[in-house]
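Below is query39.cif, which holds mmCIF, C-alpha atoms (C1' of nucleotides).
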```
data_work
#
loop_
_atom_site.label_atom_id
_atom_site.label_comp_id
_atom_site.auth_asym_id
_atom_site.auth_seq_id
_atom_site.Cartn_x
_atom_site.Cartn_y
_atom_site.Cartn_z
CA MET Z 1 -5.09 12.19 16.48
CA GLU Z 2 -7.56 11.52 13.68
CA LEU Z 3 -7.21 8.02 12.23
CA ASP Z 4 -7.51 9.31 8.67
CA GLN Z 5 -4.61 11.69 9.11
CA LEU Z 6 -2.54 8.99 10.78
CA THR Z 7 -3.32 6.53 8.00
CA GLU Z 8 -2.15 9.05 5.42
CA CYS Z 9 1.05 9.59 7.38
CA TYR Z 10 1.89 5.90 7.68
CA LYS Z 11 0.95 5.26 4.04
CA ALA Z 12 3.41 7.96 3.09
CA MET Z 13 6.09 6.27 5.18
CA ALA Z 14 5.23 2.77 3.97
CA ASP Z 15 7.68 2.76 1.09
CA LYS Z 16 11.41 2.20 1.06
CA THR Z 17 12.12 4.99 -1.40
CA ARG Z 18 10.20 7.51 0.67
CA LEU Z 19 11.93 6.41 3.87
CA ASN Z 20 15.20 6.91 2.04
CA ILE Z 21 14.13 10.40 1.08
CA LEU Z 22 13.19 11.24 4.64
CA ALA Z 23 16.46 9.80 5.89
CA LEU Z 24 18.34 12.01 3.44
CA LEU Z 25 16.36 15.16 4.16
CA ARG Z 26 17.07 14.67 7.84
CA HIS Z 27 20.62 15.76 7.09
CA GLU Z 28 19.78 18.75 4.90
CA GLU Z 29 17.30 20.07 2.40
CA LEU Z 30 17.74 18.70 -1.11
CA CYS Z 31 16.27 19.44 -4.51
CA VAL Z 32 14.65 16.87 -6.77
CA CYS Z 33 17.61 16.39 -9.04
CA GLU Z 34 19.91 15.75 -6.10
CA LEU Z 35 17.57 13.05 -4.87
CA VAL Z 36 17.44 11.57 -8.36
CA ASP Z 37 21.21 11.57 -8.37
CA ILE Z 38 21.61 9.90 -4.99
CA LEU Z 39 18.79 7.39 -5.28
CA LYS Z 40 19.41 6.52 -8.92
CA MET Z 41 15.77 6.68 -9.86
CA THR Z 42 13.91 8.55 -12.57
CA GLN Z 43 12.89 12.14 -11.97
CA PRO Z 44 9.11 11.54 -12.33
CA SER Z 45 9.29 8.71 -9.83
CA ILE Z 46 11.05 10.88 -7.25
CA SER Z 47 8.61 13.73 -7.91
CA GLN Z 48 5.63 11.50 -7.25
CA HIS Z 49 7.12 10.21 -4.02
CA LEU Z 50 7.75 13.77 -2.93
CA ARG Z 51 4.17 14.67 -3.70
CA LYS Z 52 2.93 11.93 -1.37
CA LEU Z 53 5.24 13.06 1.38
CA LYS Z 54 4.11 16.64 0.90
CA GLN Z 55 0.42 15.71 0.93
CA ALA Z 56 0.98 13.91 4.21
CA LYS Z 57 2.72 17.04 5.51
CA LEU Z 58 5.93 15.13 6.13
CA VAL Z 59 7.99 17.44 3.94
CA LYS Z 60 7.68 21.00 2.75
CA GLU Z 61 9.08 22.72 -0.32
CA ARG Z 62 10.81 25.99 -1.03
CA ARG Z 63 11.47 27.34 -4.47
CA ASN Z 64 14.81 28.95 -5.30
CA SER Z 65 14.90 30.06 -8.95
CA GLN Z 66 14.58 26.90 -11.02
CA TRP Z 67 15.13 24.52 -8.13
CA ILE Z 68 12.63 23.31 -5.59
CA PHE Z 69 14.18 22.32 -2.31
CA TYR Z 70 12.44 19.83 -0.06
CA SER Z 71 12.93 19.58 3.66
CA ILE Z 72 11.48 17.73 6.63
CA ASP Z 73 8.23 19.02 8.09
CA GLY Z 74 5.97 16.66 10.04
CA GLU Z 75 5.26 19.15 12.79
CA ILE Z 76 1.62 18.09 12.93
CA TYR Z 77 2.72 14.66 14.18
CA PRO Z 78 3.68 14.50 17.85
CA PHE Z 79 5.66 11.32 17.22
CA ILE Z 80 7.62 12.43 14.18
CA LYS Z 81 10.94 13.00 15.90
CA ALA Z 82 11.04 9.50 17.36
CA ASN Z 83 10.34 8.03 13.93
CA LEU Z 84 12.91 10.11 12.09
CA ASP Z 85 15.51 9.30 14.71
CA SER Z 86 15.23 5.61 13.91
CA LEU Z 87 16.07 6.10 10.22
CA PRO Z 88 19.53 5.03 9.13
CA ASP Z 89 22.29 7.58 8.83
CA MET Z 90 22.77 8.59 5.20
CA SER Z 91 25.45 11.22 5.55
CA ALA Z 92 27.80 9.10 3.45
CA LYS Z 93 25.45 9.42 0.49
CA ILE Z 94 25.36 13.18 0.88
CA GLU Z 95 29.14 13.31 1.10
CA GLU Z 96 29.36 11.26 -2.08
CA LEU Z 97 27.07 13.72 -3.82
CA LYS Z 98 29.20 16.64 -2.74
CA ALA Z 99 32.43 14.88 -3.67
CA SER Z 100 31.13 14.11 -7.15
CA GLY Z 101 30.23 17.76 -7.68
CA GLY Z 102 26.55 16.88 -7.88
CA LYS Z 103 25.80 19.53 -5.32
CA VAL Z 104 25.54 23.31 -5.96
CA CYS Z 105 23.30 22.42 -7.82
CA CYS Z 106 22.18 19.94 -10.41
CA MET U 1 17.21 0.64 12.09
CA GLU U 2 17.09 -1.38 8.89
CA LEU U 3 14.99 0.27 6.20
CA ASP U 4 13.35 -3.04 5.26
CA GLN U 5 12.17 -3.64 8.80
CA LEU U 6 10.92 -0.06 9.07
CA THR U 7 9.09 -0.32 5.76
CA GLU U 8 7.32 -3.45 6.95
CA CYS U 9 6.35 -1.69 10.15
CA TYR U 10 4.89 1.35 8.42
CA LYS U 11 3.15 -0.80 5.82
CA ALA U 12 1.50 -2.65 8.66
CA MET U 13 0.37 0.63 10.16
CA ALA U 14 -0.74 2.11 6.83
CA ASP U 15 -4.32 0.93 7.05
CA LYS U 16 -7.24 2.34 9.00
CA THR U 17 -8.51 -1.05 10.17
CA ARG U 18 -5.10 -2.02 11.50
CA LEU U 19 -4.70 1.29 13.30
CA ASN U 20 -8.11 0.65 14.84
CA ILE U 21 -6.94 -2.76 15.99
CA LEU U 22 -3.79 -1.29 17.54
CA ALA U 23 -5.84 1.44 19.19
CA LEU U 24 -8.12 -1.21 20.70
CA LEU U 25 -5.33 -3.51 21.82
CA ARG U 26 -3.73 -0.61 23.58
CA HIS U 27 -6.49 -0.89 26.16
CA GLU U 28 -6.40 -4.65 26.58
CA GLU U 29 -5.74 -7.90 24.79
CA LEU U 30 -8.63 -9.08 22.61
CA CYS U 31 -9.44 -12.21 20.67
CA VAL U 32 -10.35 -12.31 16.99
CA CYS U 33 -14.08 -12.63 17.50
CA GLU U 34 -14.13 -9.63 19.82
CA LEU U 35 -12.40 -7.54 17.18
CA VAL U 36 -14.87 -8.82 14.60
CA ASP U 37 -17.66 -7.78 16.93
CA ILE U 38 -16.32 -4.29 17.60
CA LEU U 39 -15.13 -3.45 14.11
CA LYS U 40 -18.08 -5.04 12.31
CA MET U 41 -15.91 -6.74 9.75
CA THR U 42 -15.73 -10.35 8.60
CA GLN U 43 -13.56 -12.79 10.54
CA PRO U 44 -11.21 -13.61 7.63
CA SER U 45 -10.59 -9.93 7.05
CA ILE U 46 -9.69 -9.33 10.69
CA SER U 47 -7.50 -12.44 10.71
CA GLN U 48 -5.55 -11.24 7.70
CA HIS U 49 -4.99 -7.84 9.25
CA LEU U 50 -3.78 -9.49 12.44
CA ARG U 51 -1.38 -11.61 10.46
CA LYS U 52 0.20 -8.50 8.95
CA LEU U 53 0.53 -6.88 12.34
CA LYS U 54 2.06 -10.05 13.72
CA GLN U 55 4.52 -10.38 10.86
CA ALA U 56 5.64 -6.82 11.50
CA LYS U 57 6.04 -7.74 15.19
CA LEU U 58 3.55 -5.08 16.21
CA VAL U 59 1.32 -7.58 18.00
CA LYS U 60 1.80 -10.96 19.58
CA GLU U 61 -0.63 -13.78 20.19
CA ARG U 62 -1.42 -16.09 23.07
CA ARG U 63 -3.65 -19.11 22.83
CA ASN U 64 -6.18 -19.86 25.57
CA SER U 65 -8.19 -22.98 24.69
CA GLN U 66 -10.10 -22.19 21.49
CA TRP U 67 -9.39 -18.48 21.60
CA ILE U 68 -6.33 -16.65 20.41
CA PHE U 69 -5.72 -13.40 22.21
CA TYR U 70 -3.76 -10.65 20.53
CA SER U 71 -1.90 -7.92 22.32
CA ILE U 72 0.49 -5.09 21.56
CA ASP U 73 4.12 -5.95 21.02
CA GLY U 74 6.35 -3.62 18.97
CA GLU U 75 9.26 -3.83 21.36
CA ILE U 76 11.72 -3.98 18.48
CA TYR U 77 10.75 -0.43 17.50
CA PRO U 78 12.27 2.32 19.63
CA PHE U 79 9.54 4.74 18.52
CA ILE U 80 6.52 2.52 19.10
CA LYS U 81 5.31 4.13 22.30
CA ALA U 82 5.15 7.59 20.76
CA ASN U 83 3.16 6.23 17.85
CA LEU U 84 0.69 4.27 19.95
CA ASP U 85 0.17 7.25 22.21
CA SER U 86 -1.14 9.27 19.28
CA LEU U 87 -3.90 6.77 18.49
CA PRO U 88 -7.42 7.76 19.46
CA ASP U 89 -8.92 6.51 22.70
CA MET U 90 -11.24 3.57 22.01
CA SER U 91 -12.26 2.66 25.53
CA ALA U 92 -15.88 3.45 24.70
CA LYS U 93 -15.88 0.65 22.13
CA ILE U 94 -14.53 -1.79 24.66
CA GLU U 95 -17.13 -0.71 27.22
CA GLU U 96 -19.83 -1.26 24.60
CA LEU U 97 -18.53 -4.75 23.98
CA LYS U 98 -18.62 -5.57 27.67
CA ALA U 99 -22.07 -4.02 28.14
CA SER U 100 -23.48 -6.09 25.27
CA GLY U 101 -22.12 -9.30 26.80
CA GLY U 102 -19.79 -9.79 23.87
CA LYS U 103 -16.91 -10.24 26.27
CA VAL U 104 -16.04 -13.41 28.27
CA CYS U 105 -15.84 -14.64 25.44
CA CYS U 106 -17.25 -14.94 21.95
"C1'" DA R 1 12.35 34.94 -28.61
"C1'" DT R 2 14.37 30.48 -28.39
"C1'" DT R 3 16.71 26.94 -26.10
"C1'" DT R 4 18.00 24.64 -21.97
"C1'" DT R 5 17.33 23.06 -17.28
"C1'" DA R 6 14.39 21.64 -13.35
"C1'" DT R 7 10.18 19.92 -12.03
"C1'" DA R 8 5.33 18.35 -12.41
"C1'" DT R 9 1.69 15.85 -14.46
"C1'" DA R 10 -0.64 12.33 -17.33
"C1'" DA R 11 -1.31 7.87 -19.43
"C1'" DA R 12 -0.37 3.13 -19.44
"C1'" DC R 13 0.87 -1.02 -17.26
"C1'" DA R 14 2.35 -4.48 -13.88
"C1'" DT R 15 2.21 -5.65 -9.13
"C1'" DA R 16 0.43 -5.18 -4.43
"C1'" DT R 17 -3.35 -4.85 -1.35
"C1'" DG R 18 -7.82 -5.60 0.94
"C1'" DG R 19 -12.31 -7.65 0.81
"C1'" DT R 20 -15.37 -11.71 0.00
"C1'" DT R 21 -16.66 -16.54 -0.14
"C1'" DA R 22 -15.35 -21.12 0.59
"C1'" DT R 23 -12.71 -24.37 3.00
"C1'" DA R 24 -9.30 -26.18 6.35
"C1'" DT R 25 -7.54 -26.60 11.06
"C1'" DA R 26 -7.72 -26.61 16.12
"C1'" DC R 27 -9.92 -27.00 20.18
"C1'" DT R 28 -14.36 -27.96 23.05
"C1'" DA R 29 -18.46 -30.11 24.33
"C1'" DA R 30 -21.74 -33.65 23.97
"C1'" DT I 1 -16.71 -39.95 17.82
"C1'" DT I 2 -19.51 -36.27 16.25
"C1'" DA I 3 -21.07 -31.58 16.28
"C1'" DG I 4 -20.07 -26.94 17.24
"C1'" DT I 5 -17.08 -22.85 17.88
"C1'" DA I 6 -12.87 -20.01 16.93
"C1'" DT I 7 -9.44 -19.05 13.81
"C1'" DA I 8 -6.51 -19.51 9.63
"C1'" DT I 9 -5.78 -20.03 4.83
"C1'" DA I 10 -6.82 -20.08 -0.16
"C1'" DA I 11 -8.87 -18.47 -4.37
"C1'" DC I 12 -10.86 -14.81 -6.60
"C1'" DC I 13 -11.69 -10.10 -7.72
"C1'" DA I 14 -11.70 -5.04 -7.61
"C1'" DT I 15 -8.98 -1.18 -6.38
"C1'" DA I 16 -4.60 1.05 -5.09
"C1'" DT I 17 0.21 1.76 -5.82
"C1'" DG I 18 4.77 2.42 -8.07
"C1'" DT I 19 7.30 2.68 -12.34
"C1'" DT I 20 8.02 4.11 -17.03
"C1'" DT I 21 7.53 7.02 -21.10
"C1'" DA I 22 5.78 11.11 -22.90
"C1'" DT I 23 4.43 15.71 -22.33
"C1'" DA I 24 3.56 20.16 -19.89
"C1'" DT I 25 5.06 24.04 -17.07
"C1'" DA I 26 8.30 27.32 -15.11
"C1'" DA I 27 12.43 29.68 -14.72
"C1'" DA I 28 17.27 30.71 -16.71
"C1'" DA I 29 20.49 31.46 -20.13
"C1'" DT I 30 21.61 32.61 -24.72
#
```

Mind turning this structure into structure tokens?
Amino acid sequence: MELDQLTECYKAMADKTRLNILALLRHEELCVCELVDILKMTQPSISQHLRKLKQAKLVKERRNSQWIFYSIDGEIYPFIKANLDSLPDMSAKIEELKASGGKVCC
Amino acid sequence: MELDQLTECYKAMADKTRLNILALLRHEELCVCELVDILKMTQPSISQHLRKLKQAKLVKERRNSQWIFYSIDGEIYPFIKANLDSLPDMSAKIEELKASGGKVCC
DNA sequence: ATTTTATATAAACATATGGTTATATACTAA
DNA sequence: TTAGTATATAACCATATGTTTATATAAAAT
């Protein structure tokens, strides 16, 4: 692949918060406010991280009324599956969100 | 894997020069001055990039008299092969080095 | 229409990063 | 031992990055 594209990809992954987001989205699509809830960070901060991931084509978005749901993309990277598979399991965090009624939605 | 370790790995890969180094080392081990020669960058700059790659356990070093040869490591990362395979082929650069007598060594 | 909710963007700031120059260290050769 | 070569480290600086606060946009609810 092109080095510039690869650099953008790895820059996007070179941050703990963004790896957390990818690890979460691996389980299911989530909207911004759900990520804010789980990661305990401010909404603008999460939004900017999502923008980087989107620019690198690692996630895609889908609007549903007032919510924007993000999900894993990365199909342009032949190695993406191997990388995502090495991320920690975060299903507990998602369960927590659901248990606390934070899901369905915001 | 641990998010901290993964973050360090992707940070190390999140730079065009370091991806170039990895792409070169994929062909064969090289010493610092050979990388300086091929990449046309200053020696301290190359050395600092190599240090980052080494700290992330993406490369390892081997001393042979006054030269230090770097080579690919990355064995702690289950995804490393897939990632290295997507790097561009740089054999032409290595051939150039050999043709110009820059090899054997420094 | 106005207010509320969800998200994005902008400005400001502190910290991280990469490059340069200068210097230190390690080994070789004489 | 001294000079030369290969590499590492340190100090400095400019740019990039991530966070916060404030504000803008877009859709929903009233």

What are the residues of chain R that have an atom within 12 Å of an atom of chain U, counting all atoms listed in the file, as an NGL selection string? :R and (16-23 or 25-29)

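Selection result for the displayed file, with the PyMOL selection byres ((chain I) within 12 of (chain U)) as criterion, is DG4, DT5, DA6, DT7, DA8, DT9 and DA10 of chain I.
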
Keeping only C-alpha atoms (C1' of nucleotides), write the selected residues to a file as a PDB file, in the frame of the given file.
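Generated file (selection29.pdb):
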```
ATOM      1  C1'  DG I   4     -20.070 -26.940  17.240  1.00  0.00           C
ATOM      2  C1'  DT I   5     -17.080 -22.850  17.880  1.00  0.00           C
ATOM      3  C1'  DA I   6     -12.870 -20.010  16.930  1.00  0.00           C
ATOM      4  C1'  DT I   7      -9.440 -19.050  13.810  1.00  0.00           C
ATOM      5  C1'  DA I   8      -6.510 -19.510   9.630  1.00  0.00           C
ATOM      6  C1'  DT I   9      -5.780 -20.030   4.830  1.00  0.00           C
ATOM      7  C1'  DA I  10      -6.820 -20.080  -0.160  1.00  0.00           C
TER       8       DA I  10
END
```

Let me know the residues the PyMOL selection byres ((chain U) within 9 of (chain Z)) catches in the file above, as a ChimeraX atom specification. /U:1-4,6-16,19-20,77-83,85-88

Once chain U is fitted onto chain Z by least squares over all its in-order Cα atoms, send the moved chain as a JSON list (two decimals) with C-alpha atoms, in the frame of the given file.
```json
[["chain", "number", "residue", "atom", "x", "y", "z"],
["U", 1, "MET", "CA", -5.10, 12.22, 16.45],
["U", 2, "GLU", "CA", -7.55, 11.56, 13.64],
["U", 3, "LEU", "CA", -7.23, 8.06, 12.22],
["U", 4, "ASP", "CA", -7.51, 9.35, 8.64],
["U", 5, "GLN", "CA", -4.61, 11.73, 9.10],
["U", 6, "LEU", "CA", -2.55, 9.01, 10.77],
["U", 7, "THR", "CA", -3.33, 6.55, 7.99],
["U", 8, "GLU", "CA", -2.14, 9.04, 5.40],
["U", 9, "CYS", "CA", 1.04, 9.59, 7.37],
["U", 10, "TYR", "CA", 1.87, 5.90, 7.67],
["U", 11, "LYS", "CA", 0.95, 5.26, 4.04],
["U", 12, "ALA", "CA", 3.41, 7.95, 3.09],
["U", 13, "MET", "CA", 6.07, 6.27, 5.18],
["U", 14, "ALA", "CA", 5.23, 2.76, 3.97],
["U", 15, "ASP", "CA", 7.67, 2.74, 1.09],
["U", 16, "LYS", "CA", 11.41, 2.18, 1.07],
["U", 17, "THR", "CA", 12.15, 4.99, -1.39],
["U", 18, "ARG", "CA", 10.20, 7.49, 0.69],
["U", 19, "LEU", "CA", 11.93, 6.41, 3.88],
["U", 20, "ASN", "CA", 15.21, 6.90, 2.05],
["U", 21, "ILE", "CA", 14.13, 10.40, 1.07],
["U", 22, "LEU", "CA", 13.18, 11.23, 4.66],
["U", 23, "ALA", "CA", 16.46, 9.78, 5.90],
["U", 24, "LEU", "CA", 18.35, 12.00, 3.45],
["U", 25, "LEU", "CA", 16.36, 15.14, 4.18],
["U", 26, "ARG", "CA", 17.07, 14.66, 7.83],
["U", 27, "HIS", "CA", 20.62, 15.76, 7.10],
["U", 28, "GLU", "CA", 19.79, 18.72, 4.90],
["U", 29, "GLU", "CA", 17.30, 20.06, 2.41],
["U", 30, "LEU", "CA", 17.75, 18.69, -1.12],
["U", 31, "CYS", "CA", 16.29, 19.43, -4.51],
["U", 32, "VAL", "CA", 14.65, 16.88, -6.78],
["U", 33, "CYS", "CA", 17.62, 16.39, -9.06],
["U", 34, "GLU", "CA", 19.91, 15.74, -6.11],
["U", 35, "LEU", "CA", 17.58, 13.03, -4.87],
["U", 36, "VAL", "CA", 17.44, 11.59, -8.37],
["U", 37, "ASP", "CA", 21.22, 11.57, -8.38],
["U", 38, "ILE", "CA", 21.61, 9.90, -5.00],
["U", 39, "LEU", "CA", 18.80, 7.38, -5.27],
["U", 40, "LYS", "CA", 19.41, 6.53, -8.93],
["U", 41, "MET", "CA", 15.77, 6.69, -9.83],
["U", 42, "THR", "CA", 13.93, 8.56, -12.57],
["U", 43, "GLN", "CA", 12.87, 12.16, -11.95],
["U", 44, "PRO", "CA", 9.11, 11.52, -12.32],
["U", 45, "SER", "CA", 9.31, 8.70, -9.81],
["U", 46, "ILE", "CA", 11.07, 10.88, -7.25],
["U", 47, "SER", "CA", 8.62, 13.71, -7.90],
["U", 48, "GLN", "CA", 5.65, 11.46, -7.26],
["U", 49, "HIS", "CA", 7.13, 10.20, -4.02],
["U", 50, "LEU", "CA", 7.77, 13.77, -2.92],
["U", 51, "ARG", "CA", 4.19, 14.68, -3.69],
["U", 52, "LYS", "CA", 2.95, 11.93, -1.38],
["U", 53, "LEU", "CA", 5.25, 13.06, 1.39],
["U", 54, "LYS", "CA", 4.11, 16.63, 0.90],
["U", 55, "GLN", "CA", 0.44, 15.71, 0.93],
["U", 56, "ALA", "CA", 0.99, 13.91, 4.21],
["U", 57, "LYS", "CA", 2.73, 17.05, 5.51],
["U", 58, "LEU", "CA", 5.92, 15.12, 6.15],
["U", 59, "VAL", "CA", 7.99, 17.43, 3.95],
["U", 60, "LYS", "CA", 7.69, 20.99, 2.76],
["U", 61, "GLU", "CA", 9.08, 22.71, -0.30],
["U", 62, "ARG", "CA", 10.82, 25.99, -1.00],
["U", 63, "ARG", "CA", 11.48, 27.35, -4.44],
["U", 64, "ASN", "CA", 14.84, 28.95, -5.27],
["U", 65, "SER", "CA", 14.91, 30.03, -8.92],
["U", 66, "GLN", "CA", 14.55, 26.87, -11.02],
["U", 67, "TRP", "CA", 15.11, 24.51, -8.12],
["U", 68, "ILE", "CA", 12.62, 23.29, -5.58],
["U", 69, "PHE", "CA", 14.18, 22.32, -2.29],
["U", 70, "TYR", "CA", 12.45, 19.82, -0.05],
["U", 71, "SER", "CA", 12.94, 19.56, 3.66],
["U", 72, "ILE", "CA", 11.49, 17.73, 6.63],
["U", 73, "ASP", "CA", 8.25, 19.00, 8.08],
["U", 74, "GLY", "CA", 5.98, 16.65, 10.05],
["U", 75, "GLU", "CA", 5.27, 19.15, 12.78],
["U", 76, "ILE", "CA", 1.63, 18.09, 12.92],
["U", 77, "TYR", "CA", 2.71, 14.66, 14.18],
["U", 78, "PRO", "CA", 3.66, 14.51, 17.85],
["U", 79, "PHE", "CA", 5.64, 11.31, 17.24],
["U", 80, "ILE", "CA", 7.62, 12.42, 14.19],
["U", 81, "LYS", "CA", 10.93, 13.00, 15.91],
["U", 82, "ALA", "CA", 11.04, 9.50, 17.37],
["U", 83, "ASN", "CA", 10.33, 8.03, 13.96],
["U", 84, "LEU", "CA", 12.91, 10.09, 12.10],
["U", 85, "ASP", "CA", 15.51, 9.28, 14.72],
["U", 86, "SER", "CA", 15.21, 5.59, 13.91],
["U", 87, "LEU", "CA", 16.06, 6.09, 10.24],
["U", 88, "PRO", "CA", 19.52, 5.02, 9.14],
["U", 89, "ASP", "CA", 22.29, 7.58, 8.85],
["U", 90, "MET", "CA", 22.76, 8.58, 5.20],
["U", 91, "SER", "CA", 25.45, 11.21, 5.55],
["U", 92, "ALA", "CA", 27.81, 9.10, 3.46],
["U", 93, "LYS", "CA", 25.45, 9.43, 0.50],
["U", 94, "ILE", "CA", 25.36, 13.18, 0.88],
["U", 95, "GLU", "CA", 29.15, 13.34, 1.11],
["U", 96, "GLU", "CA", 29.36, 11.28, -2.08],
["U", 97, "LEU", "CA", 27.06, 13.72, -3.81],
["U", 98, "LYS", "CA", 29.19, 16.66, -2.76],
["U", 99, "ALA", "CA", 32.45, 14.90, -3.67],
["U", 100, "SER", "CA", 31.13, 14.12, -7.16],
["U", 101, "GLY", "CA", 30.21, 17.77, -7.72],
["U", 102, "GLY", "CA", 26.54, 16.88, -7.91],
["U", 103, "LYS", "CA", 25.79, 19.56, -5.35],
["U", 104, "VAL", "CA", 25.52, 23.35, -5.97],
["U", 105, "CYS", "CA", 23.28, 22.45, -7.91],
["U", 106, "CYS", "CA", 22.07, 20.02, -10.53]]
```

Going by the chain IDs and residue numbers used in this file, which residues fall under the PyMOL selection byres ((chain R and resi 2) around 12)? Write them as a list in words. DA1, DT3 and DT4 of chain R; DA29 and DT30 of chain I

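Between U:Glu34 and the residues U:Leu50, U:Leu97, U:Leu58, U:Met90, the shortest atom-to-atom distance, using only C-alpha atoms, involves U:Leu97.
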
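Between atom CA of Z:Leu35 and atom CA of U:Ala56 lies a distance of 28.4 Å.
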
Box dimensions and centre (Å, one decimal) enclosing stretch 9-17 of chain Z, axis-aligned, 4 Å extra per side, as lines of an AutoDock Vina configuration file:
```
center_x = 6.5
center_y = 5.9
center_z = 3.1
size_x = 19.2
size_y = 15.4
size_z = 17.1
```
